[in-house]
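Novice: Can you read through this structure? Questions will come right after.
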Amino acid sequence: LLFVGRIHAIKSLDLLLQSLIEVKGNIKLTILGVLEDQDYWQQCQLFINRLPSTIVVEYRGDVAPHHLQKIYQEHHVFVLPTKGENFGHAIFDAFAHGLPALISDQTPWRNLETIKAGWDLPLNEVQAFTDKMNEVVAWTDETYQEWKKGAHQFALKFVQDSNLIHSYQKLFQ
């Protein structure tokens, strides 16, 4: 699992960690982001300390953008149960790298499960996050490849449909 976001309550890292407590299977969670709120991080560490030994958490801090591509490629699922995003560039980057995204329903990225690009779940349903992670842990490689393709196709379709290249060219003229 890969979490990319500021270490701040708005990103709901604590919810993610809480939902991991009951996940059955071996998981490595990599956390990337600026540590903005030391008190909040200490609360998150309490959840980390409660995780079973089958779940390993690695906090790498803030990572330079040119290192992100390799990091995305090393992971299988992106997680960000955020309390709100206008766009969510890290989420889009995950799709572009073929990572299905397990996110909250507080972003513009919706109905992800229907296209096998991820899940957009309500923040008040911690158990739903746990259930989805348990599903992911049980995936076969074939299933993972379907979801990886779904996430990547979703990003491609978004770029094609929104004509981003033309928009950026117009912006910088």
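Letters for chains follow the order of the structure tokens (A, B, ...), residue numbers begin at 1 for each chain, and ligand numbers begin at 1 in the order shown.
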For range 145-159 of chain A, list every protein, DNA or RNA residue within 7 Å, evaluated using only C-alpha atoms, and leave out those in the same chain fewer than 6 positions away; present the list as a list in words.

Specialist: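 The neighbour list is Phe92, Phe95, Ala96, His97, Gly98, Leu99, Pro100, Ile115, Lys116 and Ala117 of chain A.
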
Novice: Extract, using only C-alpha atoms, all DNA, RNA and protein residues at most 9 Å from Gly61 in chain A, discarding same-chain residues fewer than 3 positions from it, and format them as an mmCIF file with N, CA, C and O atoms, in the first residue's frame.

Specialist:
data_model
loop_
_atom_site.group_PDB
_atom_site.id
_atom_site.type_symbol
_atom_site.label_atom_id
_atom_site.label_comp_id
_atom_site.auth_asym_id
_atom_site.auth_seq_id
_atom_site.Cartn_x
_atom_site.Cartn_y
_atom_site.Cartn_z
ATOM 1 N N ILE A 31 4.442 5.287 3.733
ATOM 2 C CA ILE A 31 3.851 6.612 3.937
ATOM 3 C C ILE A 31 4.852 7.657 3.453
ATOM 4 O O ILE A 31 5.992 7.687 3.903
ATOM 5 N N LEU A 32 4.397 8.495 2.532
ATOM 6 C CA LEU A 32 5.214 9.594 2.021
ATOM 7 C C LEU A 32 4.494 10.903 2.291
ATOM 8 O O LEU A 32 3.293 11.001 2.058
ATOM 9 N N GLY A 33 5.226 11.881 2.759
ATOM 10 C CA GLY A 33 4.619 13.194 2.940
ATOM 11 C C GLY A 33 5.287 13.997 4.031
ATOM 12 O O GLY A 33 5.945 13.456 4.921
ATOM 13 N N VAL A 34 5.071 15.277 3.943
ATOM 14 C CA VAL A 34 5.614 16.212 4.923
ATOM 15 C C VAL A 34 4.895 16.024 6.250
ATOM 16 O O VAL A 34 3.662 15.953 6.299
ATOM 17 N N LEU A 35 5.664 15.960 7.323
ATOM 18 C CA LEU A 35 5.091 15.831 8.657
ATOM 19 C C LEU A 35 4.702 17.238 9.130
ATOM 20 O O LEU A 35 5.528 17.970 9.663
#

Novice: Neighbours of range 81-83 of chain A within 7 Å (only C-alpha atoms; same-chain residues fewer than 4 positions away dropped), as a list in words?

Specialist: Ile10, Lys11, Ser12, Leu16, Ile103, Ser104, Gln106 and Leu123 of chain A

Novice: Hey, which of A:Arg60, A:Phe87, A:Ser162, A:Val126 ends up closest to Leu17 in chain A? Count only C-alpha atoms.

Specialist: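 Smallest separation from Leu17 in chain A among the options: A:Val126.
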
Novice: Name the closest residue to Val56 in chain A among the candidates A:Leu102, A:Val79, A:Leu1, A:Leu13; distances are taken between atoms, counting only C-alpha atoms.

Specialist: A:Leu1

Novice: Going by DSSP on the backbone, which bits of range 6-172 of chain A are strand (DSSP E or B)? Write them as a ChimeraX atom specification, please.

Specialist: /A:7,27-32,35,55-61,78-80,101-104,118-121

Novice: Which distance in Å separates CA of Gly88 in chain A and CA of Ile55 in chain A, to one decimal?

Specialist: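 Atom-to-atom, CA of Gly88 in chain A and CA of Ile55 in chain A are spaced 26.1 Å apart.
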
Novice: Write out as a CSV table (one decimal) with N, CA, C and O atoms, in the first residue's frame all residues of range 2-173 of chain A that DSSP puts in helix (DSSP H, G or I) for this structure's backbone.

Specialist:
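Saved as states.csv:
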chain,number,residue,atom,x,y,z
A,9,ALA,N,-4.4,15.8,9.9
A,9,ALA,CA,-5.7,15.1,10.2
A,9,ALA,C,-6.6,15.1,8.9
A,9,ALA,O,-7.4,14.2,8.8
A,10,ILE,N,-6.4,16.1,8.1
A,10,ILE,CA,-7.3,16.2,6.9
A,10,ILE,C,-7.1,15.0,5.9
A,10,ILE,O,-8.0,14.6,5.2
A,11,LYS,N,-6.0,14.4,6.0
A,11,LYS,CA,-5.7,13.2,5.1
A,11,LYS,C,-6.1,11.9,5.7
A,11,LYS,O,-6.1,10.9,5.0
A,13,LEU,N,-4.9,9.7,7.8
A,13,LEU,CA,-4.0,8.6,8.0
A,13,LEU,C,-4.4,7.7,9.2
A,13,LEU,O,-4.3,6.5,9.1
A,14,ASP,N,-4.9,8.3,10.2
A,14,ASP,CA,-5.3,7.6,11.4
A,14,ASP,C,-6.4,6.6,11.1
A,14,ASP,O,-6.4,5.4,11.5
A,15,LEU,N,-7.3,7.0,10.2
A,15,LEU,CA,-8.4,6.1,9.8
A,15,LEU,C,-7.8,4.9,9.0
A,15,LEU,O,-8.2,3.8,9.2
A,16,LEU,N,-6.9,5.2,8.1
A,16,LEU,CA,-6.3,4.1,7.4
A,16,LEU,C,-5.6,3.1,8.3
A,16,LEU,O,-5.8,1.9,8.2
A,17,LEU,N,-4.8,3.6,9.3
A,17,LEU,CA,-4.1,2.8,10.2
A,17,LEU,C,-5.1,2.0,11.1
A,17,LEU,O,-4.9,0.8,11.3
A,18,GLN,N,-6.1,2.6,11.5
A,18,GLN,CA,-7.2,1.9,12.3
A,18,GLN,C,-7.8,0.8,11.5
A,18,GLN,O,-8.0,-0.3,12.0
A,19,SER,N,-8.0,1.0,10.2
A,19,SER,CA,-8.7,0.0,9.4
A,19,SER,C,-7.7,-1.2,9.1
A,19,SER,O,-8.2,-2.3,8.8
A,20,LEU,N,-6.4,-1.0,9.2
A,20,LEU,CA,-5.5,-2.0,9.0
A,20,LEU,C,-5.4,-3.0,10.1
A,20,LEU,O,-4.9,-4.2,9.9
A,38,GLN,N,2.9,17.3,14.3
A,38,GLN,CA,3.6,16.3,15.1
A,38,GLN,C,2.7,15.6,16.1
A,38,GLN,O,2.8,14.4,16.3
A,39,ASP,N,1.7,16.4,16.7
A,39,ASP,CA,0.8,15.7,17.6
A,39,ASP,C,-0.1,14.7,16.9
A,39,ASP,O,-0.3,13.6,17.4
A,40,TYR,N,-0.5,15.0,15.7
A,40,TYR,CA,-1.3,14.1,14.9
A,40,TYR,C,-0.5,12.8,14.6
A,40,TYR,O,-1.0,11.7,14.7
A,41,TRP,N,0.8,13.0,14.2
A,41,TRP,CA,1.7,11.9,13.9
A,41,TRP,C,1.8,11.0,15.1
A,41,TRP,O,1.9,9.8,15.0
A,42,GLN,N,1.9,11.6,16.3
A,42,GLN,CA,2.0,10.8,17.5
A,42,GLN,C,0.7,9.9,17.7
A,42,GLN,O,0.8,8.8,18.1
A,43,GLN,N,-0.4,10.5,17.4
A,43,GLN,CA,-1.7,9.7,17.5
A,43,GLN,C,-1.6,8.5,16.4
A,43,GLN,O,-2.0,7.4,16.8
A,44,CYS,N,-1.1,8.8,15.3
A,44,CYS,CA,-1.0,7.8,14.2
A,44,CYS,C,-0.1,6.7,14.7
A,44,CYS,O,-0.3,5.5,14.5
A,45,GLN,N,1.0,7.0,15.4
A,45,GLN,CA,2.0,6.0,15.9
A,45,GLN,C,1.3,5.1,16.9
A,45,GLN,O,1.7,3.9,17.0
A,46,LEU,N,0.3,5.6,17.6
A,46,LEU,CA,-0.4,4.7,18.6
A,46,LEU,C,-1.1,3.6,17.8
A,46,LEU,O,-1.1,2.4,18.2
A,47,PHE,N,-1.7,3.9,16.6
A,47,PHE,CA,-2.3,2.9,15.8
A,47,PHE,C,-1.2,2.0,15.2
A,47,PHE,O,-1.5,0.8,15.1
A,48,ILE,N,-0.1,2.5,14.8
A,48,ILE,CA,0.9,1.7,14.2
A,48,ILE,C,1.4,0.7,15.2
A,48,ILE,O,1.6,-0.5,14.9
A,49,ASN,N,1.5,1.1,16.4
A,49,ASN,CA,2.0,0.2,17.5
A,49,ASN,C,1.0,-0.9,17.8
A,49,ASN,O,1.3,-2.0,18.3
A,50,ARG,N,-0.3,-0.8,17.4
A,50,ARG,CA,-1.3,-1.8,17.6
A,50,ARG,C,-1.5,-2.7,16.4
A,50,ARG,O,-2.2,-3.7,16.5
A,65,PRO,N,10.0,14.8,-6.1
A,65,PRO,CA,9.1,14.3,-7.2
A,65,PRO,C,9.7,13.4,-8.2
A,65,PRO,O,9.1,12.4,-8.6
A,66,HIS,N,11.0,13.5,-8.4
A,66,HIS,CA,11.7,12.7,-9.4
A,66,HIS,C,11.9,11.2,-8.9
A,66,HIS,O,12.2,10.3,-9.7
A,67,HIS,N,11.7,11.0,-7.6
A,67,HIS,CA,11.7,9.6,-7.1
A,67,HIS,C,10.4,8.9,-7.0
A,67,HIS,O,10.3,7.7,-6.8
A,68,LEU,N,9.3,9.7,-7.2
A,68,LEU,CA,8.0,9.1,-7.1
A,68,LEU,C,7.6,8.0,-8.1
A,68,LEU,O,7.0,7.1,-7.7
A,69,GLN,N,8.0,8.2,-9.3
A,69,GLN,CA,7.7,7.2,-10.3
A,69,GLN,C,8.1,5.8,-9.9
A,69,GLN,O,7.4,4.8,-9.9
A,70,LYS,N,9.4,5.7,-9.4
A,70,LYS,CA,9.9,4.4,-9.0
A,70,LYS,C,9.1,3.9,-7.8
A,70,LYS,O,8.8,2.7,-7.7
A,71,ILE,N,8.7,4.8,-6.9
A,71,ILE,CA,8.0,4.4,-5.7
A,71,ILE,C,6.6,3.9,-6.1
A,71,ILE,O,6.1,2.9,-5.6
A,72,TYR,N,5.9,4.6,-7.0
A,72,TYR,CA,4.6,4.1,-7.4
A,72,TYR,C,4.7,2.7,-8.0
A,72,TYR,O,3.9,1.8,-7.8
A,73,GLN,N,5.8,2.5,-8.8
A,73,GLN,CA,6.0,1.2,-9.4
A,73,GLN,C,6.2,0.0,-8.4
A,73,GLN,O,6.0,-1.1,-8.7
A,89,HIS,N,-4.0,15.3,-6.9
A,89,HIS,CA,-2.9,15.0,-7.9
A,89,HIS,C,-2.3,13.6,-7.5
A,89,HIS,O,-1.9,12.9,-8.4
A,90,ALA,N,-2.0,13.4,-6.3
A,90,ALA,CA,-1.4,12.1,-5.9
A,90,ALA,C,-2.3,10.9,-6.3
A,90,ALA,O,-1.8,9.9,-6.7
A,91,ILE,N,-3.6,11.1,-6.2
A,91,ILE,CA,-4.6,10.1,-6.6
A,91,ILE,C,-4.5,9.8,-8.1
A,91,ILE,O,-4.4,8.7,-8.5
A,92,PHE,N,-4.5,10.9,-8.8
A,92,PHE,CA,-4.4,10.8,-10.3
A,92,PHE,C,-3.1,10.1,-10.7
A,92,PHE,O,-3.0,9.3,-11.6
A,93,ASP,N,-2.0,10.5,-10.0
A,93,ASP,CA,-0.7,9.9,-10.3
A,93,ASP,C,-0.8,8.4,-10.1
A,93,ASP,O,-0.2,7.6,-10.8
A,94,ALA,N,-1.5,8.0,-9.0
A,94,ALA,CA,-1.6,6.6,-8.8
A,94,ALA,C,-2.3,5.9,-9.9
A,94,ALA,O,-1.9,4.8,-10.4
A,95,PHE,N,-3.4,6.4,-10.4
A,95,PHE,CA,-4.1,5.9,-11.5
A,95,PHE,C,-3.2,5.8,-12.7
A,95,PHE,O,-3.1,4.7,-13.4
A,96,ALA,N,-2.5,6.8,-13.0
A,96,ALA,CA,-1.6,6.9,-14.2
A,96,ALA,C,-0.5,5.8,-14.1
A,96,ALA,O,-0.1,5.3,-15.1
A,113,GLU,N,-15.1,1.7,-8.4
A,113,GLU,CA,-15.2,0.2,-8.4
A,113,GLU,C,-15.9,-0.3,-9.7
A,113,GLU,O,-15.5,-1.4,-10.2
A,114,THR,N,-16.8,0.4,-10.3
A,114,THR,CA,-17.5,0.0,-11.5
A,114,THR,C,-16.6,-0.2,-12.6
A,114,THR,O,-16.8,-0.9,-13.6
A,115,ILE,N,-15.4,0.6,-12.6
A,115,ILE,CA,-14.5,0.5,-13.7
A,115,ILE,C,-13.2,-0.2,-13.3
A,115,ILE,O,-12.2,-0.1,-14.0
A,126,VAL,N,-15.2,2.8,8.6
A,126,VAL,CA,-13.9,2.2,8.8
A,126,VAL,C,-13.9,0.8,8.3
A,126,VAL,O,-12.9,0.3,7.7
A,127,GLN,N,-14.9,0.0,8.7
A,127,GLN,CA,-15.0,-1.4,8.4
A,127,GLN,C,-15.0,-1.6,6.9
A,127,GLN,O,-14.4,-2.6,6.4
A,128,ALA,N,-15.5,-0.7,6.1
A,128,ALA,CA,-15.5,-0.8,4.6
A,128,ALA,C,-14.1,-0.8,4.1
A,128,ALA,O,-13.7,-1.5,3.2
A,129,PHE,N,-13.3,0.1,4.7
A,129,PHE,CA,-11.9,0.2,4.3
A,129,PHE,C,-11.2,-1.2,4.6
A,129,PHE,O,-10.4,-1.7,3.8
A,130,THR,N,-11.4,-1.7,5.8
A,130,THR,CA,-10.9,-3.0,6.2
A,130,THR,C,-11.3,-4.1,5.2
A,130,THR,O,-10.5,-4.9,4.8
A,131,ASP,N,-12.6,-4.1,4.9
A,131,ASP,CA,-13.1,-5.1,4.0
A,131,ASP,C,-12.4,-5.1,2.7
A,131,ASP,O,-12.1,-6.1,2.1
A,132,LYS,N,-12.3,-3.9,2.1
A,132,LYS,CA,-11.7,-3.8,0.8
A,132,LYS,C,-10.2,-4.2,0.8
A,132,LYS,O,-9.7,-4.9,-0.1
A,133,MET,N,-9.5,-3.9,1.9
A,133,MET,CA,-8.1,-4.3,2.0
A,133,MET,C,-8.0,-5.8,2.1
A,133,MET,O,-7.1,-6.4,1.6
A,134,ASN,N,-8.9,-6.4,2.9
A,134,ASN,CA,-8.9,-7.9,2.9
A,134,ASN,C,-9.2,-8.5,1.6
A,134,ASN,O,-8.6,-9.5,1.2
A,135,GLU,N,-10.1,-7.9,0.8
A,135,GLU,CA,-10.3,-8.4,-0.6
A,135,GLU,C,-9.0,-8.3,-1.4
A,135,GLU,O,-8.6,-9.2,-2.1
A,136,VAL,N,-8.3,-7.2,-1.3
A,136,VAL,CA,-7.1,-7.0,-2.1
A,136,VAL,C,-6.0,-8.0,-1.7
A,136,VAL,O,-5.3,-8.5,-2.6
A,137,VAL,N,-5.9,-8.2,-0.4
A,137,VAL,CA,-4.9,-9.2,0.1
A,137,VAL,C,-5.2,-10.6,-0.6
A,137,VAL,O,-4.2,-11.3,-0.8
A,141,ASP,N,-3.0,-12.9,-9.0
A,141,ASP,CA,-2.3,-12.0,-9.8
A,141,ASP,C,-3.2,-11.5,-11.0
A,141,ASP,O,-3.1,-10.4,-11.4
A,142,GLU,N,-4.0,-12.4,-11.5
A,142,GLU,CA,-4.9,-12.1,-12.6
A,142,GLU,C,-5.8,-11.0,-12.2
A,142,GLU,O,-6.0,-10.1,-13.0
A,143,THR,N,-6.4,-11.1,-11.0
A,143,THR,CA,-7.3,-10.1,-10.6
A,143,THR,C,-6.6,-8.7,-10.4
A,143,THR,O,-7.1,-7.7,-10.8
A,144,TYR,N,-5.4,-8.8,-9.8
A,144,TYR,CA,-4.6,-7.6,-9.6
A,144,TYR,C,-4.3,-6.9,-11.0
A,144,TYR,O,-4.5,-5.7,-11.1
A,145,GLN,N,-4.0,-7.7,-12.0
A,145,GLN,CA,-3.7,-7.2,-13.3
A,145,GLN,C,-4.9,-6.5,-13.9
A,145,GLN,O,-4.8,-5.4,-14.6
A,146,GLU,N,-6.1,-7.0,-13.7
A,146,GLU,CA,-7.4,-6.4,-14.2
A,146,GLU,C,-7.5,-5.0,-13.5
A,146,GLU,O,-7.9,-4.1,-14.2
A,147,TRP,N,-7.3,-4.9,-12.2
A,147,TRP,CA,-7.5,-3.7,-11.5
A,147,TRP,C,-6.4,-2.7,-11.9
A,147,TRP,O,-6.7,-1.5,-12.0
A,148,LYS,N,-5.2,-3.2,-12.1
A,148,LYS,CA,-4.1,-2.3,-12.5
A,148,LYS,C,-4.4,-1.7,-13.9
A,148,LYS,O,-4.3,-0.5,-14.1
A,149,LYS,N,-4.9,-2.5,-14.8
A,149,LYS,CA,-5.3,-2.0,-16.1
A,149,LYS,C,-6.5,-1.0,-16.0
A,149,LYS,O,-6.5,0.0,-16.7
A,150,GLY,N,-7.4,-1.3,-15.1
A,150,GLY,CA,-8.6,-0.4,-15.0
A,150,GLY,C,-8.2,0.9,-14.5
A,150,GLY,O,-8.6,2.0,-15.0
A,151,ALA,N,-7.2,1.0,-13.5
A,151,ALA,CA,-6.7,2.3,-13.0
A,151,ALA,C,-6.0,3.0,-14.1
A,151,ALA,O,-6.3,4.2,-14.3
A,152,HIS,N,-5.1,2.3,-14.8
A,152,HIS,CA,-4.4,3.0,-15.9
A,152,HIS,C,-5.3,3.5,-17.0
A,152,HIS,O,-5.1,4.7,-17.5
A,153,GLN,N,-6.2,2.7,-17.4
A,153,GLN,CA,-7.2,3.1,-18.4
A,153,GLN,C,-8.0,4.3,-18.0
A,153,GLN,O,-8.3,5.2,-18.8
A,154,PHE,N,-8.4,4.3,-16.7
A,154,PHE,CA,-9.1,5.4,-16.2
A,154,PHE,C,-8.3,6.7,-16.4
A,154,PHE,O,-8.9,7.8,-16.8
A,155,ALA,N,-7.1,6.7,-16.0
A,155,ALA,CA,-6.2,7.9,-16.2
A,155,ALA,C,-6.1,8.3,-17.6
A,155,ALA,O,-6.2,9.5,-18.0
A,156,LEU,N,-5.9,7.4,-18.5
A,156,LEU,CA,-5.8,7.7,-19.9
A,156,LEU,C,-7.1,8.3,-20.5
A,156,LEU,O,-7.0,9.3,-21.2
A,157,LYS,N,-8.2,7.7,-20.1
A,157,LYS,CA,-9.5,8.2,-20.5
A,157,LYS,C,-9.7,9.7,-20.0
A,157,LYS,O,-10.2,10.5,-20.7
A,158,PHE,N,-9.3,9.9,-18.8
A,158,PHE,CA,-9.5,11.2,-18.2
A,158,PHE,C,-8.7,12.3,-19.0
A,158,PHE,O,-9.2,13.3,-19.3
A,159,VAL,N,-7.5,11.9,-19.3
A,159,VAL,CA,-6.6,12.8,-20.1
A,159,VAL,C,-7.2,13.1,-21.5
A,159,VAL,O,-7.3,14.2,-21.9
A,160,GLN,N,-7.7,12.0,-22.1
A,160,GLN,CA,-8.2,12.2,-23.5
A,160,GLN,C,-9.5,13.0,-23.4
A,160,GLN,O,-9.7,13.9,-24.3
A,161,ASP,N,-10.4,12.7,-22.5
A,161,ASP,CA,-11.7,13.3,-22.4
A,161,ASP,C,-11.6,14.8,-22.0
A,161,ASP,O,-12.4,15.6,-22.5
A,162,SER,N,-10.6,15.1,-21.2
A,162,SER,CA,-10.5,16.5,-20.7
A,162,SER,C,-9.6,17.4,-21.6
A,162,SER,O,-9.5,18.6,-21.4
A,164,LEU,N,-6.4,17.7,-21.8
A,164,LEU,CA,-5.5,18.4,-21.0
A,164,LEU,C,-4.3,19.1,-21.7
A,164,LEU,O,-3.9,20.2,-21.4
A,165,ILE,N,-3.8,18.4,-22.7
A,165,ILE,CA,-2.7,18.9,-23.5
A,165,ILE,C,-3.1,20.3,-24.1
A,165,ILE,O,-2.4,21.3,-24.0
A,166,HIS,N,-4.2,20.3,-24.7
A,166,HIS,CA,-4.7,21.6,-25.3
A,166,HIS,C,-4.9,22.6,-24.3
A,166,HIS,O,-4.5,23.8,-24.4
A,167,SER,N,-5.4,22.3,-23.1
A,167,SER,CA,-5.7,23.2,-22.0
A,167,SER,C,-4.4,23.8,-21.5
A,167,SER,O,-4.3,25.0,-21.3
A,168,TYR,N,-3.4,22.9,-21.3
A,168,TYR,CA,-2.1,23.4,-20.8
A,168,TYR,C,-1.4,24.3,-21.9
A,168,TYR,O,-0.8,25.3,-21.5
A,169,GLN,N,-1.5,23.9,-23.2
A,169,GLN,CA,-0.9,24.8,-24.2
A,169,GLN,C,-1.5,26.1,-24.2
A,169,GLN,O,-0.8,27.2,-24.3
A,170,LYS,N,-2.8,26.2,-24.1
A,170,LYS,CA,-3.5,27.4,-24.1
A,170,LYS,C,-3.1,28.3,-22.8
A,170,LYS,O,-2.9,29.5,-22.9
A,171,LEU,N,-3.0,27.6,-21.7
A,171,LEU,CA,-2.7,28.3,-20.4
A,171,LEU,C,-1.3,29.0,-20.6
A,171,LEU,O,-1.1,30.1,-20.1

Novice: Excluding same-chain residues fewer than 4 positions from Ser53 in chain A, what lies within 12 Å of it counting only C-alpha atoms, as a ChimeraX atom specification?

Specialist: /A:20-28,48-49,57

Novice: By how many Å are CA of Thr30 in chain A and CA of His75 in chain A apart?

Specialist: 8.6 Å

Novice: Give me, please, the distance in Å between CA of Phe78 in chain A and CA of Trp119 in chain A, quoted to one decimal.

Specialist: 10.3 Å
